[in-house]
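*Asks:* Take a look at coords-v1.json, JSON, C-alpha atoms (C1' of nucleotides):
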```json
[["chain", "number", "residue", "atom", "x", "y", "z"],
["V", 1, "MET", "CA", -47.41, 3.03, -3.05],
["V", 2, "LEU", "CA", -43.67, 2.95, -3.54],
["V", 3, "SER", "CA", -43.25, 0.47, -0.74],
["V", 4, "THR", "CA", -40.99, -2.13, -2.28],
["V", 5, "PRO", "CA", -40.11, -1.09, -5.78],
["V", 6, "VAL", "CA", -39.93, -4.05, -8.10],
["V", 7, "HIS", "CA", -38.08, -3.34, -11.29],
["V", 8, "LYS", "CA", -38.28, -5.03, -14.64],
["V", 9, "HIS", "CA", -34.57, -5.22, -14.98],
["V", 10, "PRO", "CA", -32.97, -6.57, -11.87],
["V", 11, "ASP", "CA", -30.05, -4.34, -12.73],
["V", 12, "GLU", "CA", -32.17, -1.30, -12.37],
["V", 13, "ASN", "CA", -32.42, -2.07, -8.73],
["V", 14, "LEU", "CA", -28.67, -2.35, -8.44],
["V", 15, "ASP", "CA", -28.36, 1.01, -10.13],
["V", 16, "LEU", "CA", -30.56, 2.59, -7.53],
["V", 17, "VAL", "CA", -28.87, 0.89, -4.63],
["V", 18, "PHE", "CA", -25.30, 1.57, -5.66],
["V", 19, "ARG", "CA", -26.08, 5.11, -6.63],
["V", 20, "ALA", "CA", -27.81, 5.64, -3.32],
["V", 21, "LEU", "CA", -24.68, 4.40, -1.58],
["V", 22, "GLY", "CA", -22.49, 6.67, -3.63],
["V", 23, "ASP", "CA", -23.11, 9.63, -1.37],
["V", 24, "ARG", "CA", -21.51, 10.18, 1.99],
["V", 25, "THR", "CA", -24.54, 11.84, 3.50],
["V", 26, "ARG", "CA", -26.75, 8.94, 2.57],
["V", 27, "ARG", "CA", -24.30, 6.41, 3.92],
["V", 28, "GLN", "CA", -24.25, 8.34, 7.16],
["V", 29, "LEU", "CA", -28.02, 8.32, 7.25],
["V", 30, "LEU", "CA", -27.99, 4.56, 6.87],
["V", 31, "GLY", "CA", -25.41, 4.36, 9.60],
["V", 32, "ARG", "CA", -27.64, 6.35, 11.87],
["V", 33, "LEU", "CA", -30.64, 4.24, 10.98],
["V", 34, "SER", "CA", -28.73, 1.08, 11.69],
["V", 35, "GLN", "CA", -28.94, 2.03, 15.33],
["V", 36, "GLY", "CA", -32.67, 2.42, 15.23],
["V", 37, "SER", "CA", -35.43, 4.19, 13.42],
["V", 38, "ALA", "CA", -35.90, 7.92, 13.68],
["V", 39, "MET", "CA", -38.03, 10.75, 12.47],
["V", 40, "VAL", "CA", -36.83, 13.04, 9.71],
["V", 41, "THR", "CA", -35.95, 15.96, 11.96],
["V", 42, "GLU", "CA", -33.85, 13.74, 14.15],
["V", 43, "LEU", "CA", -32.09, 12.35, 11.13],
["V", 44, "ALA", "CA", -31.42, 15.79, 9.75],
["V", 45, "GLU", "CA", -30.11, 17.27, 12.96],
["V", 46, "PRO", "CA", -26.44, 16.20, 12.69],
["V", 47, "PHE", "CA", -26.09, 17.50, 9.17],
["V", 48, "ASP", "CA", -25.03, 20.94, 8.15],
["V", 49, "MET", "CA", -27.70, 21.02, 5.54],
["V", 50, "SER", "CA", -31.27, 22.13, 5.19],
["V", 51, "LEU", "CA", -34.13, 19.86, 6.14],
["V", 52, "PRO", "CA", -35.43, 19.57, 2.58],
["V", 53, "ALA", "CA", -31.99, 18.46, 1.47],
["V", 54, "VAL", "CA", -32.00, 15.63, 3.95],
["V", 55, "GLY", "CA", -35.55, 14.89, 2.92],
["V", 56, "LYS", "CA", -34.38, 14.41, -0.62],
["V", 57, "HIS", "CA", -31.63, 12.07, 0.43],
["V", 58, "LEU", "CA", -34.15, 10.05, 2.36],
["V", 59, "ARG", "CA", -36.32, 9.77, -0.69],
["V", 60, "VAL", "CA", -33.39, 8.53, -2.71],
["V", 61, "LEU", "CA", -32.77, 5.88, -0.09],
["V", 62, "GLU", "CA", -36.45, 5.06, -0.06],
["V", 63, "LYS", "CA", -36.57, 4.64, -3.82],
["V", 64, "ALA", "CA", -33.63, 2.30, -3.54],
["V", 65, "GLY", "CA", -35.65, 0.33, -1.01],
["V", 66, "LEU", "CA", -33.17, 1.01, 1.75],
["V", 67, "VAL", "CA", -35.48, 3.03, 3.93],
["V", 68, "LYS", "CA", -39.06, 2.40, 4.88],
["V", 69, "ARG", "CA", -41.14, 5.16, 6.34],
["V", 70, "THR", "CA", -44.25, 5.04, 8.47],
["V", 71, "ILE", "CA", -46.26, 8.18, 8.75],
["V", 72, "THR", "CA", -48.02, 8.78, 12.01],
["V", 73, "GLY", "CA", -49.67, 12.11, 12.22],
["V", 74, "ARG", "CA", -47.14, 14.64, 11.11],
["V", 75, "VAL", "CA", -44.10, 12.62, 11.91],
["V", 76, "HIS", "CA", -42.46, 10.35, 9.38],
["V", 77, "ARG", "CA", -40.56, 7.59, 11.10],
["V", 78, "CYS", "CA", -37.82, 6.11, 8.96],
["V", 79, "ALA", "CA", -36.35, 2.68, 9.37],
["V", 80, "LEU", "CA", -33.52, 0.87, 7.70],
["V", 81, "ASP", "CA", -34.34, -1.93, 5.32],
["V", 82, "ALA", "CA", -31.10, -3.63, 4.49],
["V", 83, "THR", "CA", -32.41, -6.25, 2.11],
["V", 84, "PRO", "CA", -31.30, -4.40, -1.02],
["V", 85, "LEU", "CA", -27.80, -4.33, 0.41],
["V", 86, "ARG", "CA", -27.84, -8.07, 0.22],
["V", 87, "THR", "CA", -28.37, -7.82, -3.52],
["V", 88, "ALA", "CA", -25.47, -5.43, -3.70],
["V", 89, "GLU", "CA", -23.29, -7.78, -1.76],
["V", 90, "ASP", "CA", -24.34, -10.65, -3.93],
["V", 91, "TRP", "CA", -23.12, -8.73, -6.91],
["V", 92, "LEU", "CA", -19.85, -7.90, -5.21],
["V", 93, "ALA", "CA", -19.41, -11.49, -4.17],
["V", 94, "HIS", "CA", -18.52, -12.46, -7.72],
["V", 95, "TYR", "CA", -15.44, -10.35, -7.40],
["V", 96, "ARG", "CA", -14.26, -11.60, -4.07],
["V", 97, "VAL", "CA", -12.09, -14.01, -5.91],
["V", 98, "PHE", "CA", -10.09, -11.07, -7.21],
["V", 99, "TRP", "CA", -9.15, -9.26, -4.10],
["V", 100, "GLY", "CA", -6.98, -11.37, -2.06],
["V", 101, "GLU", "CA", -7.21, -13.38, 1.06],
["V", 102, "THR", "CA", -9.49, -15.43, -1.01],
["V", 103, "LEU", "CA", -9.38, -18.69, 0.78],
["V", 104, "ASP", "CA", -10.91, -17.40, 3.94],
["V", 105, "ALA", "CA", -13.30, -15.20, 2.13],
["V", 106, "LEU", "CA", -14.46, -17.98, -0.06],
["V", 107, "GLU", "CA", -14.88, -20.34, 2.83],
["V", 108, "ASP", "CA", -16.78, -17.65, 4.58],
["V", 109, "TYR", "CA", -19.00, -17.21, 1.63],
["V", 110, "VAL", "CA", -19.64, -20.88, 1.25],
["V", 111, "ARG", "CA", -20.48, -21.26, 4.88],
["V", 112, "LYS", "CA", -22.90, -18.40, 4.83],
["V", 113, "ASP", "CA", -24.44, -19.64, 1.64],
["V", 114, "ALA", "CA", -24.84, -23.12, 3.02],
["V", 115, "VAL", "CA", -26.58, -21.81, 6.10],
["V", 116, "GLY", "CA", -28.76, -19.44, 4.17],
["V", 117, "LYS", "CA", -30.00, -21.84, 1.57],
["V", 118, "LYS", "CA", -29.97, -25.14, 3.32],
["V", 119, "ARG", "CA", -28.02, -26.52, 0.47],
["V", 120, "THR", "CA", -25.72, -29.45, 0.52],
["V", 121, "ARG", "CA", -22.22, -28.39, 1.07],
["V", 122, "ARG", "CA", -20.44, -27.98, -2.19],
["V", 123, "LYS", "CA", -16.86, -28.71, -2.74],
["V", 124, "VAL", "CA", -14.59, -25.76, -2.89],
["V", 125, "ARG", "CA", -12.85, -26.35, -6.12],
["V", 126, "LYS", "CA", -9.76, -24.42, -7.06],
["G", 1, "MET", "CA", -0.03, 9.95, -12.45],
["G", 2, "LEU", "CA", -3.52, 8.84, -11.48],
["G", 3, "SER", "CA", -2.33, 5.31, -10.85],
["G", 4, "THR", "CA", -3.72, 4.67, -7.41],
["G", 5, "PRO", "CA", -5.78, 7.62, -6.27],
["G", 6, "VAL", "CA", -5.35, 8.27, -2.59],
["G", 7, "HIS", "CA", -8.03, 10.46, -1.10],
["G", 8, "LYS", "CA", -7.98, 12.62, 1.97],
["G", 9, "HIS", "CA", -11.30, 11.35, 3.15],
["G", 10, "PRO", "CA", -11.54, 7.62, 3.02],
["G", 11, "ASP", "CA", -15.20, 8.15, 2.26],
["G", 12, "GLU", "CA", -14.36, 9.95, -0.91],
["G", 13, "ASN", "CA", -13.05, 6.70, -2.24],
["G", 14, "LEU", "CA", -16.28, 4.94, -1.35],
["G", 15, "ASP", "CA", -18.16, 7.67, -3.16],
["G", 16, "LEU", "CA", -16.19, 7.02, -6.31],
["G", 17, "VAL", "CA", -16.49, 3.27, -6.08],
["G", 18, "PHE", "CA", -20.19, 3.10, -5.33],
["G", 19, "ARG", "CA", -20.98, 5.72, -7.91],
["G", 20, "ALA", "CA", -18.92, 3.84, -10.44],
["G", 21, "LEU", "CA", -20.92, 0.72, -9.67],
["G", 22, "GLY", "CA", -24.18, 2.59, -10.00],
["G", 23, "ASP", "CA", -24.23, 2.24, -13.75],
["G", 24, "ARG", "CA", -25.17, -0.87, -15.64],
["G", 25, "THR", "CA", -22.70, -0.29, -18.46],
["G", 26, "ARG", "CA", -19.84, 0.05, -16.05],
["G", 27, "ARG", "CA", -20.84, -3.05, -14.15],
["G", 28, "GLN", "CA", -20.91, -4.91, -17.43],
["G", 29, "LEU", "CA", -17.47, -3.61, -18.27],
["G", 30, "LEU", "CA", -16.20, -4.92, -14.96],
["G", 31, "GLY", "CA", -17.87, -8.22, -15.70],
["G", 32, "ARG", "CA", -16.10, -8.40, -19.00],
["G", 33, "LEU", "CA", -12.81, -7.46, -17.42],
["G", 34, "SER", "CA", -13.22, -10.11, -14.79],
["G", 35, "GLN", "CA", -12.61, -12.63, -17.54],
["G", 36, "GLY", "CA", -9.41, -11.00, -18.62],
["G", 37, "SER", "CA", -7.93, -7.72, -19.70],
["G", 38, "ALA", "CA", -8.84, -6.17, -23.00],
["G", 39, "MET", "CA", -8.20, -3.17, -25.15],
["G", 40, "VAL", "CA", -10.71, -0.34, -25.33],
["G", 41, "THR", "CA", -12.11, -1.25, -28.73],
["G", 42, "GLU", "CA", -12.73, -4.79, -27.63],
["G", 43, "LEU", "CA", -14.46, -3.56, -24.52],
["G", 44, "ALA", "CA", -16.62, -1.17, -26.47],
["G", 45, "GLU", "CA", -17.67, -3.67, -29.10],
["G", 46, "PRO", "CA", -20.66, -5.27, -27.30],
["G", 47, "PHE", "CA", -22.20, -1.93, -26.45],
["G", 48, "ASP", "CA", -24.65, 0.00, -28.52],
["G", 49, "MET", "CA", -22.81, 3.17, -27.77],
["G", 50, "SER", "CA", -20.05, 5.26, -29.27],
["G", 51, "LEU", "CA", -16.42, 4.56, -28.51],
["G", 52, "PRO", "CA", -15.88, 7.84, -26.67],
["G", 53, "ALA", "CA", -18.83, 7.01, -24.43],
["G", 54, "VAL", "CA", -17.24, 3.74, -23.40],
["G", 55, "GLY", "CA", -13.97, 5.58, -23.01],
["G", 56, "LYS", "CA", -15.61, 7.86, -20.48],
["G", 57, "HIS", "CA", -17.03, 4.96, -18.53],
["G", 58, "LEU", "CA", -13.59, 3.44, -18.43],
["G", 59, "ARG", "CA", -12.17, 6.63, -17.06],
["G", 60, "VAL", "CA", -14.81, 6.67, -14.35],
["G", 61, "LEU", "CA", -13.83, 3.14, -13.42],
["G", 62, "GLU", "CA", -10.20, 4.13, -13.53],
["G", 63, "LYS", "CA", -10.73, 7.09, -11.23],
["G", 64, "ALA", "CA", -12.47, 4.76, -8.83],
["G", 65, "GLY", "CA", -9.39, 2.58, -8.96],
["G", 66, "LEU", "CA", -11.28, -0.33, -10.45],
["G", 67, "VAL", "CA", -9.47, -0.39, -13.76],
["G", 68, "LYS", "CA", -5.80, -0.12, -14.50],
["G", 69, "ARG", "CA", -4.63, 0.63, -18.00],
["G", 70, "THR", "CA", -1.29, -0.02, -19.68],
["G", 71, "ILE", "CA", -0.59, 1.84, -22.87],
["G", 72, "THR", "CA", 1.49, 0.04, -25.44],
["G", 73, "GLY", "CA", 1.78, 1.89, -28.65],
["G", 74, "ARG", "CA", -1.65, 2.97, -29.62],
["G", 75, "VAL", "CA", -3.51, 0.31, -27.71],
["G", 76, "HIS", "CA", -4.68, 0.83, -24.17],
["G", 77, "ARG", "CA", -5.04, -2.44, -22.39],
["G", 78, "CYS", "CA", -7.44, -2.35, -19.45],
["G", 79, "ALA", "CA", -7.39, -4.70, -16.52],
["G", 80, "LEU", "CA", -9.65, -5.15, -13.54],
["G", 81, "ASP", "CA", -8.39, -4.09, -10.15],
["G", 82, "ALA", "CA", -10.85, -5.35, -7.61],
["G", 83, "THR", "CA", -9.22, -4.02, -4.49],
["G", 84, "PRO", "CA", -11.58, -1.06, -4.14],
["G", 85, "LEU", "CA", -14.45, -3.51, -4.18],
["G", 86, "ARG", "CA", -13.07, -4.95, -1.03],
["G", 87, "THR", "CA", -13.47, -1.57, 0.63],
["G", 88, "ALA", "CA", -17.01, -1.46, -0.61],
["G", 89, "GLU", "CA", -17.72, -4.88, 0.76],
["G", 90, "ASP", "CA", -16.16, -3.94, 4.06],
["G", 91, "TRP", "CA", -18.61, -1.11, 4.29],
["G", 92, "LEU", "CA", -21.51, -3.36, 3.41],
["G", 93, "ALA", "CA", -20.36, -5.95, 5.90],
["G", 94, "HIS", "CA", -21.57, -3.77, 8.74],
["G", 95, "TYR", "CA", -25.07, -4.26, 7.49],
["G", 96, "ARG", "CA", -24.97, -7.99, 6.97],
["G", 97, "VAL", "CA", -26.44, -8.26, 10.36],
["G", 98, "PHE", "CA", -29.61, -6.71, 9.10],
["G", 99, "TRP", "CA", -30.48, -8.85, 6.19],
["G", 100, "GLY", "CA", -30.15, -12.34, 7.36],
["G", 101, "GLU", "CA", -32.28, -15.16, 8.43],
["G", 102, "THR", "CA", -30.58, -13.44, 11.15],
["G", 103, "LEU", "CA", -30.86, -15.41, 14.27],
["G", 104, "ASP", "CA", -27.13, -15.90, 14.47],
["G", 105, "ALA", "CA", -26.39, -12.55, 13.04],
["G", 106, "LEU", "CA", -28.82, -10.79, 15.27],
["G", 107, "GLU", "CA", -27.49, -12.53, 18.30],
["G", 108, "ASP", "CA", -24.08, -11.53, 17.15],
["G", 109, "TYR", "CA", -25.16, -7.97, 16.79],
["G", 110, "VAL", "CA", -26.89, -7.82, 20.09],
["G", 111, "ARG", "CA", -23.90, -9.25, 21.84],
["G", 112, "LYS", "CA", -21.56, -6.84, 20.16],
["G", 113, "ASP", "CA", -23.90, -3.95, 20.81],
["G", 114, "ALA", "CA", -24.31, -4.83, 24.43],
["G", 115, "VAL", "CA", -20.60, -4.91, 24.86],
["G", 116, "GLY", "CA", -20.06, -1.78, 22.87],
["G", 117, "LYS", "CA", -22.64, 0.44, 24.43],
["G", 118, "LYS", "CA", -23.37, -1.08, 27.78],
["G", 119, "ARG", "CA", -26.95, -0.41, 27.08],
["G", 120, "THR", "CA", -29.97, -2.24, 28.33],
["G", 121, "ARG", "CA", -31.27, -4.65, 25.83],
["G", 122, "ARG", "CA", -33.67, -3.00, 23.49],
["G", 123, "LYS", "CA", -36.70, -4.57, 22.07],
["G", 124, "VAL", "CA", -36.42, -5.83, 18.57],
["G", 125, "ARG", "CA", -39.30, -4.10, 16.99],
["G", 126, "LYS", "CA", -40.65, -5.42, 13.77],
["F", 1, "DG", "C1'", -58.95, 29.39, 16.91],
["F", 2, "DT", "C1'", -54.28, 30.50, 16.84],
["F", 3, "DT", "C1'", -49.80, 29.25, 16.85],
["F", 4, "DA", "C1'", -46.08, 26.00, 16.66],
["F", 5, "DT", "C1'", -44.09, 21.73, 14.61],
["F", 6, "DA", "C1'", -42.99, 18.19, 11.09],
["F", 7, "DT", "C1'", -42.55, 17.63, 6.65],
["F", 8, "DT", "C1'", -43.08, 18.04, 1.74],
["F", 9, "DA", "C1'", -43.63, 20.94, -2.63],
["F", 10, "DA", "C1'", -41.97, 24.18, -5.79],
["F", 11, "DA", "C1'", -38.93, 27.07, -7.99],
["F", 12, "DC", "C1'", -34.46, 27.89, -8.69],
["F", 13, "DC", "C1'", -29.27, 27.45, -9.14],
["F", 14, "DT", "C1'", -24.92, 25.04, -10.15],
["F", 15, "DT", "C1'", -22.40, 21.25, -11.34],
["F", 16, "DA", "C1'", -22.17, 16.38, -12.68],
["F", 17, "DT", "C1'", -23.52, 12.52, -15.89],
["F", 18, "DG", "C1'", -24.10, 10.17, -19.90],
["F", 19, "DG", "C1'", -24.41, 10.56, -24.40],
["F", 20, "DT", "C1'", -23.46, 12.49, -29.19],
["F", 21, "DT", "C1'", -20.45, 14.20, -33.12],
["F", 22, "DT", "C1'", -16.54, 16.02, -35.10],
["F", 23, "DA", "C1'", -11.78, 16.87, -34.67],
["F", 24, "DC", "C1'", -7.13, 15.59, -33.43],
["F", 25, "DT", "C1'", -2.94, 12.68, -32.16],
["F", 26, "DA", "C1'", -0.21, 8.93, -32.40],
["F", 27, "DT", "C1'", 1.13, 4.51, -33.94],
["F", 28, "DA", "C1'", 0.89, 0.79, -37.39],
["F", 29, "DT", "C1'", 0.91, -0.95, -41.95],
["F", 30, "DG", "C1'", 0.84, -1.19, -47.23],
["A", 1, "DC", "C1'", 4.71, 8.58, -47.93],
["A", 2, "DA", "C1'", -0.11, 7.48, -47.58],
["A", 3, "DT", "C1'", -3.53, 5.51, -45.16],
["A", 4, "DA", "C1'", -5.78, 2.79, -41.75],
["A", 5, "DT", "C1'", -6.35, 2.01, -36.71],
["A", 6, "DA", "C1'", -6.70, 2.98, -31.57],
["A", 7, "DG", "C1'", -7.81, 6.09, -28.79],
["A", 8, "DT", "C1'", -8.55, 10.71, -26.65],
["A", 9, "DA", "C1'", -10.04, 15.72, -26.78],
["A", 10, "DA", "C1'", -13.35, 19.13, -27.37],
["A", 11, "DA", "C1'", -17.66, 21.11, -27.97],
["A", 12, "DC", "C1'", -22.15, 20.39, -27.30],
["A", 13, "DC", "C1'", -26.71, 18.74, -25.41],
["A", 14, "DA", "C1'", -30.26, 16.98, -22.20],
["A", 15, "DT", "C1'", -31.18, 15.45, -17.94],
["A", 16, "DA", "C1'", -30.02, 14.20, -13.19],
["A", 17, "DA", "C1'", -28.01, 15.47, -8.63],
["A", 18, "DG", "C1'", -27.42, 18.04, -4.73],
["A", 19, "DG", "C1'", -28.19, 22.07, -2.68],
["A", 20, "DT", "C1'", -30.78, 26.48, -1.45],
["A", 21, "DT", "C1'", -34.98, 29.32, -0.13],
["A", 22, "DT", "C1'", -39.67, 30.27, 0.16],
["A", 23, "DA", "C1'", -44.23, 28.43, 0.22],
["A", 24, "DA", "C1'", -47.73, 25.17, 1.36],
["A", 25, "DT", "C1'", -49.94, 21.35, 4.13],
["A", 26, "DA", "C1'", -51.24, 18.89, 7.86],
["A", 27, "DT", "C1'", -51.25, 17.76, 12.61],
["A", 28, "DA", "C1'", -50.52, 18.96, 17.41],
["A", 29, "DA", "C1'", -50.67, 21.95, 21.32],
["A", 30, "DC", "C1'", -52.23, 26.02, 23.89]]
```
If you took the structure in this file and wrote it as structure tokens, what would it be?

*Replies:*
Amino acid sequence: MLSTPVHKHPDENLDLVFRALGDRTRRQLLGRLSQGSAMVTELAEPFDMSLPAVGKHLRVLEKAGLVKRTITGRVHRCALDATPLRTAEDWLAHYRVFWGETLDALEDYVRKDAVGKKRTRRKVRK
Amino acid sequence: MLSTPVHKHPDENLDLVFRALGDRTRRQLLGRLSQGSAMVTELAEPFDMSLPAVGKHLRVLEKAGLVKRTITGRVHRCALDATPLRTAEDWLAHYRVFWGETLDALEDYVRKDAVGKKRTRRKVRK
DNA sequence: GTTATATTAAACCTTATGGTTTACTATATG
DNA sequence: CATATAGTAAACCATAAGGTTTAATATAAC
């Protein structure tokens, strides 16, 4: 199965996602995938690294839920699934307050949140 | 020195930050620090883990630039520095487009993409 | 049916991680 | 001075990560 891993601890998911992002190669793979799905060989081509190595990276991304693959015959087509990144960003959002041009950022956040959840606009207190 | 690590590759910084975030304990430490600075013993107290272990986690966070410490006598006071998180969020921001109830976002993306690549509109496969 | 292609599996290596315990150092405090 | 306190250092251990190479597997193409 392995399609969308659901974890007991919600944090476990964050572990997987952040750790998956903690590698340049994997971030590049995601970057590539953000422009469209691709088969493993295609994905591996730009890297100075063996195919199995890239395969492993893809599995890490898959386990983090960031990549979905569809097997058709002998070709595995990989596609980006960004939803876990949203969880990551949600976690980061708590810290936005601490890094600066906070008024804009906060407004931004509120706006997005309001749109996303169809919630009555809250006051920005502070 | 070690105060603010500057890395040759900007990506190296992202590696450190994301990897630092990829551990529950360290995220909890950041959470604690987000409510105010604290000395190492205080930080270690809630964890079922030896003091040196927490010390190591703190050093990981420090190397990622997420924690700053000021030594006064024998006590090391640790404080959150969230600026690297901003970098992380900036990276993530590129993917916001992919996780939304994305009509706006998608439109946004398509517009930007069209401008950027002068490419014929692709199908949104799903 | 044979060969080429796409991909994983397995075995292996090296270094990193996350934890422990047992020193050790330095600063407070009685 | 003697001792408690705050913290790191060092040595050690098990497992995970990131890579390699050499099979092995399955599908496609000739």

*Asks:* Provide as JSON, numbers by chain the residues of chain F at most 10 Å from chain V, counting only C-alpha atoms (C1' of nucleotides).

*Replies:* {"F": [5, 6, 7, 8, 9]}

*Asks:* Can you list, as a VMD selection string, every protein, DNA or RNA residue that comes within 12 Å of Ala64 (chain G) when you count only C-alpha atoms (C1' of nucleotides), leaving out same-chain residues fewer than 4 positions away?

*Replies:* (chain V and resid 22) or (chain G and resid 2 to 7 11 to 22 26 57 to 60 68 80 to 85 87 to 88)

*Asks:* Of the candidates G:Ile71, G:Ala38, G:Val97, G:Leu29, which one gets nearest to chain V if we count all atoms listed in the file?

*Replies:*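 Comparing G:Ile71, G:Ala38, G:Val97, G:Leu29 against chain V, the winner is G:Val97.
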
*Asks:* For CA of Gly36 (chain V) and C1' of DA26 (chain A), quote the distance in Å rounded to one decimal.

*Replies:* 25.9 Å

*Asks:* What are the residues of chain A lining chain V at 10 Å or less? Count only C-alpha atoms (C1' of nucleotides), and put the answer as an MDAnalysis selection string.

*Replies:* chainID A and resid 18:21 26:28

*Asks:* Write the residues you've just listed into a file as a PDB file, in the coordinates of the input, and include C-alpha atoms (C1' of nucleotides) for each of them.

*Replies:*
```pdb
ATOM      1  C1'  DG A  18     -27.420  18.040  -4.730  1.00  0.00           C
ATOM      2  C1'  DG A  19     -28.190  22.070  -2.680  1.00  0.00           C
ATOM      3  C1'  DT A  20     -30.780  26.480  -1.450  1.00  0.00           C
ATOM      4  C1'  DT A  21     -34.980  29.320  -0.130  1.00  0.00           C
ATOM      5  C1'  DA A  26     -51.240  18.890   7.860  1.00  0.00           C
ATOM      6  C1'  DT A  27     -51.250  17.760  12.610  1.00  0.00           C
ATOM      7  C1'  DA A  28     -50.520  18.960  17.410  1.00  0.00           C
TER       8       DA A  28
END
```

*Asks:* Pick the closest to DT14 (chain F) from A:DA17, A:DC30, A:DA23, A:DA2: which is it, counting all atoms listed in the file?

*Replies:*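 For DT14 (chain F), the nearest of the given residues is A:DA17.
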
*Asks:* Which of these, V:Glu42, V:Asp90, V:Asp48, V:Glu62, has the shortest distance to chain G once you count all atoms listed in the file?

*Replies:*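 Ranking V:Glu42, V:Asp90, V:Asp48, V:Glu62 by distance to chain G, first place goes to V:Asp90.
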
*Asks:* Which residues are close to region 11-14 of chain A, i.e. within 10 Å by all atoms listed in the file, leaving aside same-chain residues fewer than 5 positions away? Reply as a ChimeraX atom specification.

*Replies:* /F:18-23

*Asks:* What is the C1' of DT5 (chain A)-CA of Arg27 (chain G) distance in Å, reported with one decimal?

*Replies:* 27.3 Å

*Asks:* Could you give me the axis-aligned bounding box of region 78-87 of chain V, with 6 Å of padding per side, as centre plus edge lengths in Å to one decimal, as JSON?

*Replies:*
```
{"center_x": -32.8, "center_y": -1.0, "center_z": 2.9, "size_x": 22.0, "size_y": 26.2, "size_z": 24.9}
```
